[in-house]
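Visitor: Supplied structure: query.cif, mmCIF, N, CA and C atoms.
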data_final
loop_
_atom_site.label_atom_id
_atom_site.label_comp_id
_atom_site.auth_asym_id
_atom_site.auth_seq_id
_atom_site.Cartn_x
_atom_site.Cartn_y
_atom_site.Cartn_z
N MET A 1 0.85 -1.18 0.00
CA MET A 1 0.00 0.00 0.00
C MET A 1 0.89 1.25 0.00
N GLU A 2 0.68 2.08 -1.00
CA GLU A 2 1.48 3.29 -1.13
C GLU A 2 0.81 4.44 -0.39
N LYS A 3 1.58 5.10 0.44
CA LYS A 3 1.05 6.25 1.18
C LYS A 3 1.69 7.50 0.63
N GLU A 4 0.89 8.53 0.51
CA GLU A 4 1.36 9.80 0.00
C GLU A 4 2.00 10.60 1.13
N LEU A 5 3.16 11.15 0.88
CA LEU A 5 3.80 12.02 1.87
C LEU A 5 3.20 13.42 1.78
N GLN A 6 3.09 14.06 2.92
CA GLN A 6 2.60 15.43 2.95
C GLN A 6 3.53 16.27 3.80
N LEU A 7 3.66 17.51 3.41
CA LEU A 7 4.47 18.46 4.14
C LEU A 7 3.55 19.35 4.95
N LYS A 8 3.87 19.54 6.21
CA LYS A 8 3.10 20.45 7.05
C LYS A 8 4.06 21.45 7.68
N LEU A 9 3.91 22.68 7.30
CA LEU A 9 4.73 23.75 7.85
C LEU A 9 3.86 24.64 8.72
N THR A 10 4.45 25.17 9.75
CA THR A 10 3.79 26.21 10.52
C THR A 10 4.76 27.38 10.64
N VAL A 11 4.22 28.56 10.54
CA VAL A 11 5.02 29.77 10.65
C VAL A 11 4.64 30.44 11.96
N ARG A 12 5.63 30.62 12.81
CA ARG A 12 5.41 31.29 14.09
C ARG A 12 6.44 32.42 14.23
N LEU A 13 5.99 33.52 14.74
CA LEU A 13 6.87 34.65 14.99
C LEU A 13 7.19 34.72 16.47
N TYR A 14 8.46 34.96 16.77
CA TYR A 14 8.94 35.05 18.14
C TYR A 14 9.70 36.36 18.32
N THR A 15 9.72 36.84 19.54
CA THR A 15 10.56 37.98 19.87
C THR A 15 11.98 37.48 20.13
N GLU A 16 12.90 38.40 20.31
CA GLU A 16 14.29 38.00 20.57
C GLU A 16 14.45 37.22 21.87
N ASP A 17 13.51 37.42 22.81
CA ASP A 17 13.58 36.66 24.07
C ASP A 17 12.73 35.37 24.01
N ARG A 18 12.39 34.98 22.80
CA ARG A 18 11.68 33.72 22.51
C ARG A 18 10.22 33.69 22.96
N THR A 19 9.61 34.85 23.05
CA THR A 19 8.19 34.91 23.32
C THR A 19 7.45 34.71 22.01
N ARG A 20 6.57 33.70 21.97
CA ARG A 20 5.78 33.47 20.77
C ARG A 20 4.72 34.55 20.70
N CYS A 21 4.67 35.27 19.57
CA CYS A 21 3.76 36.41 19.50
C CYS A 21 2.76 36.35 18.35
N PHE A 22 3.01 35.53 17.36
CA PHE A 22 2.06 35.43 16.24
C PHE A 22 2.29 34.12 15.53
N GLY A 23 1.21 33.45 15.19
CA GLY A 23 1.31 32.18 14.50
C GLY A 23 -0.06 31.72 14.08
N PRO A 24 -0.18 30.42 13.78
CA PRO A 24 -1.47 29.91 13.27
C PRO A 24 -2.60 30.04 14.28
N GLY A 25 -2.31 29.96 15.57
CA GLY A 25 -3.36 30.07 16.58
C GLY A 25 -4.00 31.44 16.62
N ILE A 26 -3.19 32.49 16.73
CA ILE A 26 -3.76 33.83 16.79
C ILE A 26 -4.34 34.22 15.44
N ALA A 27 -3.74 33.74 14.36
CA ALA A 27 -4.29 34.04 13.03
C ALA A 27 -5.70 33.47 12.92
N THR A 28 -5.88 32.23 13.33
CA THR A 28 -7.22 31.61 13.30
C THR A 28 -8.16 32.37 14.22
N LEU A 29 -7.69 32.71 15.40
CA LEU A 29 -8.52 33.45 16.35
C LEU A 29 -8.98 34.77 15.75
N LEU A 30 -8.07 35.51 15.13
CA LEU A 30 -8.43 36.79 14.53
C LEU A 30 -9.40 36.61 13.36
N HIS A 31 -9.20 35.59 12.55
CA HIS A 31 -10.14 35.31 11.47
C HIS A 31 -11.53 34.99 12.03
N ARG A 32 -11.56 34.26 13.13
CA ARG A 32 -12.85 33.90 13.75
C ARG A 32 -13.51 35.14 14.37
N VAL A 33 -12.71 36.07 14.90
CA VAL A 33 -13.29 37.33 15.40
C VAL A 33 -13.95 38.07 14.23
N GLU A 34 -13.28 38.09 13.09
CA GLU A 34 -13.87 38.73 11.90
C GLU A 34 -15.21 38.06 11.55
N GLU A 35 -15.23 36.75 11.64
CA GLU A 35 -16.42 35.97 11.29
C GLU A 35 -17.56 36.16 12.29
N HIS A 36 -17.24 36.12 13.58
CA HIS A 36 -18.26 36.13 14.63
C HIS A 36 -18.49 37.50 15.27
N SER A 37 -17.62 38.46 15.02
CA SER A 37 -17.69 39.80 15.63
C SER A 37 -17.69 39.72 17.15
N SER A 38 -16.97 38.73 17.68
CA SER A 38 -16.92 38.54 19.12
C SER A 38 -15.73 37.67 19.47
N LEU A 39 -14.93 38.11 20.44
CA LEU A 39 -13.81 37.28 20.89
C LEU A 39 -14.34 36.04 21.61
N ARG A 40 -15.36 36.20 22.41
CA ARG A 40 -15.91 35.05 23.14
C ARG A 40 -16.41 33.98 22.16
N SER A 41 -17.14 34.38 21.14
CA SER A 41 -17.64 33.42 20.15
C SER A 41 -16.51 32.83 19.32
N ALA A 42 -15.53 33.66 19.01
CA ALA A 42 -14.37 33.17 18.25
C ALA A 42 -13.65 32.09 19.06
N ALA A 43 -13.41 32.35 20.32
CA ALA A 43 -12.73 31.39 21.19
C ALA A 43 -13.56 30.11 21.31
N ALA A 44 -14.86 30.26 21.51
CA ALA A 44 -15.73 29.09 21.64
C ALA A 44 -15.71 28.25 20.37
N SER A 45 -15.65 28.89 19.21
CA SER A 45 -15.63 28.14 17.95
C SER A 45 -14.36 27.33 17.78
N MET A 46 -13.33 27.69 18.55
CA MET A 46 -12.05 26.96 18.52
C MET A 46 -11.91 26.05 19.73
N GLU A 47 -12.97 25.99 20.55
CA GLU A 47 -12.92 25.24 21.80
C GLU A 47 -11.76 25.71 22.69
N MET A 48 -11.62 27.03 22.74
CA MET A 48 -10.56 27.69 23.51
C MET A 48 -11.21 28.48 24.64
N ALA A 49 -10.60 28.46 25.78
CA ALA A 49 -11.10 29.26 26.89
C ALA A 49 -10.99 30.74 26.54
N TYR A 50 -11.99 31.49 26.93
CA TYR A 50 -12.02 32.93 26.69
C TYR A 50 -10.80 33.60 27.32
N SER A 51 -10.41 33.14 28.51
CA SER A 51 -9.24 33.72 29.18
C SER A 51 -7.97 33.46 28.38
N LYS A 52 -7.86 32.30 27.77
CA LYS A 52 -6.69 32.01 26.93
C LYS A 52 -6.69 32.89 25.69
N ALA A 53 -7.85 33.09 25.10
CA ALA A 53 -7.95 33.95 23.92
C ALA A 53 -7.46 35.36 24.27
N TRP A 54 -7.89 35.88 25.42
CA TRP A 54 -7.44 37.21 25.83
C TRP A 54 -5.93 37.23 26.08
N ARG A 55 -5.41 36.16 26.66
CA ARG A 55 -3.97 36.08 26.93
C ARG A 55 -3.19 36.14 25.61
N ILE A 56 -3.64 35.42 24.60
CA ILE A 56 -2.99 35.41 23.29
C ILE A 56 -3.04 36.80 22.66
N ILE A 57 -4.21 37.43 22.74
CA ILE A 57 -4.38 38.77 22.18
C ILE A 57 -3.47 39.77 22.90
N ARG A 58 -3.44 39.71 24.22
CA ARG A 58 -2.62 40.65 25.01
C ARG A 58 -1.13 40.47 24.73
N THR A 59 -0.69 39.23 24.56
CA THR A 59 0.72 38.99 24.23
C THR A 59 1.07 39.68 22.92
N ALA A 60 0.23 39.49 21.90
CA ALA A 60 0.48 40.13 20.61
C ALA A 60 0.45 41.65 20.74
N GLU A 61 -0.50 42.17 21.49
CA GLU A 61 -0.59 43.62 21.68
C GLU A 61 0.67 44.16 22.34
N ASN A 62 1.18 43.46 23.34
CA ASN A 62 2.39 43.90 24.03
C ASN A 62 3.60 43.87 23.11
N VAL A 63 3.72 42.84 22.30
CA VAL A 63 4.87 42.73 21.40
C VAL A 63 4.81 43.77 20.29
N PHE A 64 3.65 43.91 19.66
CA PHE A 64 3.55 44.81 18.50
C PHE A 64 3.26 46.24 18.89
N GLY A 65 2.88 46.47 20.15
CA GLY A 65 2.66 47.84 20.62
C GLY A 65 1.40 48.47 20.08
N CYS A 66 0.40 47.66 19.75
CA CYS A 66 -0.86 48.19 19.24
C CYS A 66 -2.00 47.29 19.68
N LYS A 67 -3.19 47.84 19.67
CA LYS A 67 -4.38 47.06 20.00
C LYS A 67 -4.71 46.13 18.83
N MET A 68 -5.18 44.94 19.17
CA MET A 68 -5.60 43.98 18.15
C MET A 68 -7.11 44.05 17.92
N LEU A 69 -7.84 44.37 18.98
CA LEU A 69 -9.29 44.39 18.92
C LEU A 69 -9.85 45.71 19.40
N SER A 70 -10.96 46.07 18.80
CA SER A 70 -11.76 47.19 19.29
C SER A 70 -13.06 46.56 19.78
N SER A 71 -13.31 46.67 21.07
CA SER A 71 -14.44 45.99 21.69
C SER A 71 -15.51 46.97 22.12
N SER A 72 -16.76 46.50 22.08
CA SER A 72 -17.86 47.26 22.65
C SER A 72 -18.53 46.37 23.69
N ILE A 73 -19.05 46.98 24.73
CA ILE A 73 -19.62 46.24 25.85
C ILE A 73 -21.14 46.32 25.80
N GLY A 74 -21.76 45.15 25.88
CA GLY A 74 -23.21 45.02 26.04
C GLY A 74 -24.06 46.02 25.30
N GLY A 75 -25.15 46.38 25.91
CA GLY A 75 -26.07 47.35 25.31
C GLY A 75 -27.16 46.67 24.50
N LYS A 76 -27.93 47.48 23.77
CA LYS A 76 -29.08 46.99 23.02
C LYS A 76 -28.71 45.90 22.02
N GLY A 77 -27.67 46.11 21.25
CA GLY A 77 -27.26 45.12 20.25
C GLY A 77 -26.28 44.10 20.78
N GLY A 78 -25.95 44.16 22.06
CA GLY A 78 -24.96 43.25 22.63
C GLY A 78 -23.56 43.77 22.36
N GLY A 79 -22.59 43.19 23.03
CA GLY A 79 -21.21 43.60 22.85
C GLY A 79 -20.62 42.95 21.63
N GLY A 80 -19.38 43.21 21.39
CA GLY A 80 -18.72 42.60 20.25
C GLY A 80 -17.30 43.08 20.12
N ALA A 81 -16.66 42.58 19.11
CA ALA A 81 -15.26 42.96 18.85
C ALA A 81 -15.01 42.94 17.35
N VAL A 82 -14.18 43.86 16.93
CA VAL A 82 -13.71 43.90 15.54
C VAL A 82 -12.20 44.08 15.57
N LEU A 83 -11.56 43.68 14.50
CA LEU A 83 -10.11 43.86 14.40
C LEU A 83 -9.79 45.32 14.17
N THR A 84 -8.72 45.78 14.78
CA THR A 84 -8.22 47.12 14.50
C THR A 84 -7.54 47.10 13.14
N GLU A 85 -7.27 48.26 12.61
CA GLU A 85 -6.56 48.34 11.32
C GLU A 85 -5.18 47.70 11.42
N GLU A 86 -4.52 47.89 12.56
CA GLU A 86 -3.19 47.28 12.77
C GLU A 86 -3.28 45.76 12.76
N ALA A 87 -4.30 45.22 13.41
CA ALA A 87 -4.49 43.76 13.44
C ALA A 87 -4.79 43.25 12.03
N LYS A 88 -5.61 43.96 11.29
CA LYS A 88 -5.91 43.56 9.90
C LYS A 88 -4.64 43.53 9.06
N ARG A 89 -3.81 44.53 9.26
CA ARG A 89 -2.56 44.61 8.50
C ARG A 89 -1.62 43.47 8.87
N LEU A 90 -1.47 43.21 10.17
CA LEU A 90 -0.63 42.09 10.62
C LEU A 90 -1.16 40.76 10.12
N LEU A 91 -2.46 40.56 10.20
CA LEU A 91 -3.06 39.31 9.76
C LEU A 91 -2.89 39.12 8.25
N ALA A 92 -3.10 40.16 7.49
CA ALA A 92 -2.93 40.07 6.03
C ALA A 92 -1.47 39.77 5.67
N ALA A 93 -0.54 40.41 6.36
CA ALA A 93 0.89 40.15 6.10
C ALA A 93 1.25 38.72 6.46
N TYR A 94 0.75 38.23 7.59
CA TYR A 94 1.02 36.86 8.01
C TYR A 94 0.44 35.87 7.00
N ASP A 95 -0.82 36.07 6.62
CA ASP A 95 -1.46 35.17 5.66
C ASP A 95 -0.71 35.14 4.32
N ALA A 96 -0.30 36.31 3.84
CA ALA A 96 0.42 36.37 2.57
C ALA A 96 1.78 35.68 2.68
N TYR A 97 2.47 35.90 3.78
CA TYR A 97 3.77 35.27 4.00
C TYR A 97 3.64 33.75 4.08
N VAL A 98 2.65 33.27 4.82
CA VAL A 98 2.42 31.82 4.92
C VAL A 98 2.12 31.23 3.55
N ALA A 99 1.31 31.91 2.76
CA ALA A 99 0.99 31.42 1.41
C ALA A 99 2.25 31.34 0.56
N ASP A 100 3.11 32.36 0.63
CA ASP A 100 4.36 32.35 -0.13
C ASP A 100 5.28 31.22 0.32
N VAL A 101 5.45 31.06 1.63
CA VAL A 101 6.32 30.02 2.17
C VAL A 101 5.78 28.64 1.80
N THR A 102 4.48 28.47 1.88
CA THR A 102 3.86 27.19 1.55
C THR A 102 4.07 26.84 0.08
N ALA A 103 3.86 27.80 -0.80
CA ALA A 103 4.05 27.55 -2.23
C ALA A 103 5.51 27.23 -2.54
N TYR A 104 6.42 28.00 -1.99
CA TYR A 104 7.84 27.76 -2.21
C TYR A 104 8.27 26.40 -1.68
N SER A 105 7.83 26.10 -0.47
CA SER A 105 8.26 24.85 0.17
C SER A 105 7.68 23.62 -0.52
N ALA A 106 6.49 23.75 -1.12
CA ALA A 106 5.90 22.61 -1.83
C ALA A 106 6.80 22.20 -2.99
N GLY A 107 7.33 23.17 -3.72
CA GLY A 107 8.24 22.87 -4.82
C GLY A 107 9.55 22.28 -4.31
N LYS A 108 10.09 22.84 -3.27
CA LYS A 108 11.34 22.33 -2.70
C LYS A 108 11.15 20.93 -2.12
N PHE A 109 9.98 20.67 -1.52
CA PHE A 109 9.68 19.35 -0.98
C PHE A 109 9.67 18.31 -2.11
N GLU A 110 9.02 18.66 -3.20
CA GLU A 110 8.96 17.73 -4.34
C GLU A 110 10.36 17.48 -4.90
N GLU A 111 11.17 18.53 -5.00
CA GLU A 111 12.55 18.37 -5.49
C GLU A 111 13.34 17.43 -4.57
N ALA A 112 13.19 17.59 -3.30
CA ALA A 112 13.98 16.82 -2.34
C ALA A 112 13.46 15.40 -2.14
N PHE A 113 12.14 15.22 -2.14
CA PHE A 113 11.57 13.93 -1.75
C PHE A 113 10.71 13.27 -2.82
N GLY A 114 10.66 13.83 -4.02
CA GLY A 114 9.85 13.26 -5.08
C GLY A 114 10.21 11.82 -5.41
N PHE A 115 11.44 11.44 -5.14
CA PHE A 115 11.90 10.08 -5.44
C PHE A 115 11.22 9.01 -4.58
N TYR A 116 10.59 9.42 -3.47
CA TYR A 116 10.05 8.41 -2.55
C TYR A 116 9.02 7.51 -3.22
N ARG A 117 8.37 8.01 -4.27
CA ARG A 117 7.37 7.18 -4.96
C ARG A 117 8.00 5.95 -5.61
N ASP A 118 9.30 6.04 -5.89
CA ASP A 118 10.01 4.92 -6.52
C ASP A 118 10.55 3.91 -5.53
N LEU A 119 10.49 4.23 -4.25
CA LEU A 119 11.00 3.32 -3.23
C LEU A 119 9.99 2.21 -2.98
N ARG A 120 10.49 1.05 -2.73
CA ARG A 120 9.61 -0.10 -2.44
C ARG A 120 10.00 -0.67 -1.08
N PRO A 121 9.01 -1.10 -0.33
CA PRO A 121 9.33 -1.73 0.96
C PRO A 121 10.17 -2.98 0.76
N LYS A 122 11.00 -3.32 1.73
CA LYS A 122 11.83 -4.51 1.66
C LYS A 122 10.92 -5.75 1.52
N GLY A 123 11.36 -6.69 0.71
CA GLY A 123 10.62 -7.93 0.55
C GLY A 123 9.72 -7.95 -0.67
N GLU A 124 9.61 -6.84 -1.35
CA GLU A 124 8.77 -6.84 -2.57
C GLU A 124 9.60 -7.17 -3.77
#
Let me see the structure of the file written as structure tokens.
Guide:
Amino acid sequence: MEKELQLKLTVRLYTEDRTRCFGPGIATLLHRVEEHSSLRSAAASMEMAYSKAWRIIRTAENVFGCKMLSSSIGGKGGGGAVLTEEAKRLLAAYDAYVADVTAYSAGKFEEAFGFYRDLRPKGE
């Protein structure tokens, strides 16, 4: 039985003191905030504790020196959250970079490991 190899890359940004500040987790969280207009709903959709979602957001805010979310509290229409312009810019840059790295690495992966299809298990 021949199994197909797959490459899985993750792109994470760290500060010089090795604090993880941006990666697939916060990117997904921010996309879900865009979708749900709420950090609480975004976190719930990822089965993430609301407190953890805030911790991730605050870490990014501290590293980048800008707010990630603009929140409103309760009221007639209920509360909610939207991404700030800075968060939109960071998210767009991250998504574009990941797409570029993924496309580049797919070609390099094939160059390096394309031969595996010709390998046969011992005994055949």
Visitor: As a PyMOL selection string, please: the residues near Gly23 of chain A (cut-off 8 Å, all atoms listed in the file, same-chain neighbours under 2 positions excluded).
Guide: chain A and resi 10-14+20-21+25-29+94
Visitor: Go ahead and dump the residues you just picked, N, CA and C atoms, as an mmCIF file, keeping the file's coordinate frame.
Guide:
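The file below, result.cif, is the result:
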data_model
loop_
_atom_site.group_PDB
_atom_site.id
_atom_site.type_symbol
_atom_site.label_atom_id
_atom_site.label_comp_id
_atom_site.auth_asym_id
_atom_site.auth_seq_id
_atom_site.Cartn_x
_atom_site.Cartn_y
_atom_site.Cartn_z
ATOM 1 N N THR A 10 4.450 25.170 9.750
ATOM 2 C CA THR A 10 3.790 26.210 10.520
ATOM 3 C C THR A 10 4.760 27.380 10.640
ATOM 4 N N VAL A 11 4.220 28.560 10.540
ATOM 5 C CA VAL A 11 5.020 29.770 10.650
ATOM 6 C C VAL A 11 4.640 30.440 11.960
ATOM 7 N N ARG A 12 5.630 30.620 12.810
ATOM 8 C CA ARG A 12 5.410 31.290 14.090
ATOM 9 C C ARG A 12 6.440 32.420 14.230
ATOM 10 N N LEU A 13 5.990 33.520 14.740
ATOM 11 C CA LEU A 13 6.870 34.650 14.990
ATOM 12 C C LEU A 13 7.190 34.720 16.470
ATOM 13 N N TYR A 14 8.460 34.960 16.770
ATOM 14 C CA TYR A 14 8.940 35.050 18.140
ATOM 15 C C TYR A 14 9.700 36.360 18.320
ATOM 16 N N ARG A 20 6.570 33.700 21.970
ATOM 17 C CA ARG A 20 5.780 33.470 20.770
ATOM 18 C C ARG A 20 4.720 34.550 20.700
ATOM 19 N N CYS A 21 4.670 35.270 19.570
ATOM 20 C CA CYS A 21 3.760 36.410 19.500
ATOM 21 C C CYS A 21 2.760 36.350 18.350
ATOM 22 N N GLY A 25 -2.310 29.960 15.570
ATOM 23 C CA GLY A 25 -3.360 30.070 16.580
ATOM 24 C C GLY A 25 -4.000 31.440 16.620
ATOM 25 N N ILE A 26 -3.190 32.490 16.730
ATOM 26 C CA ILE A 26 -3.760 33.830 16.790
ATOM 27 C C ILE A 26 -4.340 34.220 15.440
ATOM 28 N N ALA A 27 -3.740 33.740 14.360
ATOM 29 C CA ALA A 27 -4.290 34.040 13.030
ATOM 30 C C ALA A 27 -5.700 33.470 12.920
ATOM 31 N N THR A 28 -5.880 32.230 13.330
ATOM 32 C CA THR A 28 -7.220 31.610 13.300
ATOM 33 C C THR A 28 -8.160 32.370 14.220
ATOM 34 N N LEU A 29 -7.690 32.710 15.400
ATOM 35 C CA LEU A 29 -8.520 33.450 16.350
ATOM 36 C C LEU A 29 -8.980 34.770 15.750
ATOM 37 N N TYR A 94 0.750 38.230 7.590
ATOM 38 C CA TYR A 94 1.020 36.860 8.010
ATOM 39 C C TYR A 94 0.440 35.870 7.000
#
Visitor: Going by the chain IDs and residue numbers used in this file, which residues fall under the PyMOL selection byres (((chain A and resi 45 and name CA) around 12) and name CA)? Write them as a PyMOL selection string.
Guide: chain A and resi 28-33+35-36+38-44+46-50+53
Visitor: How far is it from atom C of Asp17 of chain A to atom CA of Ala106 of chain A, in Å with one decimal?
Guide: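 Value for the atom C of Asp17 of chain A-atom CA of Ala106 of chain A distance: 29.6 Å.
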Visitor: Could you give me the residues within chain A that DSSP places in alpha helix (DSSP H), as an MDAnalysis selection string?
Guide: chainID A and resid 24:36 39:45 50:64 85:113
Visitor: Please determine, counting all atoms listed in the file, which residue among A:Glu61, A:Ser37, A:Gln6, A:Trp54 has the shortest atom-to-atom distance to Leu83 of chain A.
Guide: A:Ser37
Visitor: Would you please work out which residue, of A:Ile73, A:Val98, A:Leu9, A:Met68, is nearest to Glu85 of chain A when using only C-alpha atoms?
Guide: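 Closest residue, counting only C-alpha atoms: A:Met68.
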Visitor: I need the residues in segment 52-103 of chain A that are strand (DSSP E) according to DSSP; give them as a CSV table (one decimal) with N, CA and C atoms, keeping the file's coordinate frame.
Guide:
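Writing the result to out-v6.csv gives the following:
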chain,number,residue,atom,x,y,z
A,69,LEU,N,-7.8,44.4,19.0
A,69,LEU,CA,-9.3,44.4,18.9
A,69,LEU,C,-9.8,45.7,19.4
A,70,SER,N,-11.0,46.1,18.8
A,70,SER,CA,-11.8,47.2,19.3
A,70,SER,C,-13.1,46.6,19.8
A,71,SER,N,-13.3,46.7,21.1
A,71,SER,CA,-14.4,46.0,21.7
A,71,SER,C,-15.5,47.0,22.1
A,72,SER,N,-16.8,46.5,22.1
A,72,SER,CA,-17.9,47.3,22.6
A,72,SER,C,-18.5,46.4,23.7
A,80,GLY,N,-19.4,43.2,21.4
A,80,GLY,CA,-18.7,42.6,20.2
A,80,GLY,C,-17.3,43.1,20.1
A,81,ALA,N,-16.7,42.6,19.1
A,81,ALA,CA,-15.3,43.0,18.8
A,81,ALA,C,-15.0,42.9,17.4
A,82,VAL,N,-14.2,43.9,16.9
A,82,VAL,CA,-13.7,43.9,15.5
A,82,VAL,C,-12.2,44.1,15.6
A,83,LEU,N,-11.6,43.7,14.5
A,83,LEU,CA,-10.1,43.9,14.4
A,83,LEU,C,-9.8,45.3,14.2
Visitor: Please, what distance in Å, to one decimal, runs between atom CA of Lys3 of chain A and atom CA of Tyr116 of chain A?
Guide: 10.0 Å
Visitor: If I take atom CA of Ser105 of chain A and atom CA of Phe64 of chain A, how far is one from the other in Å, to one decimal?
Guide: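 Computed distance, atom CA of Ser105 of chain A to atom CA of Phe64 of chain A, equals 27.5 Å.
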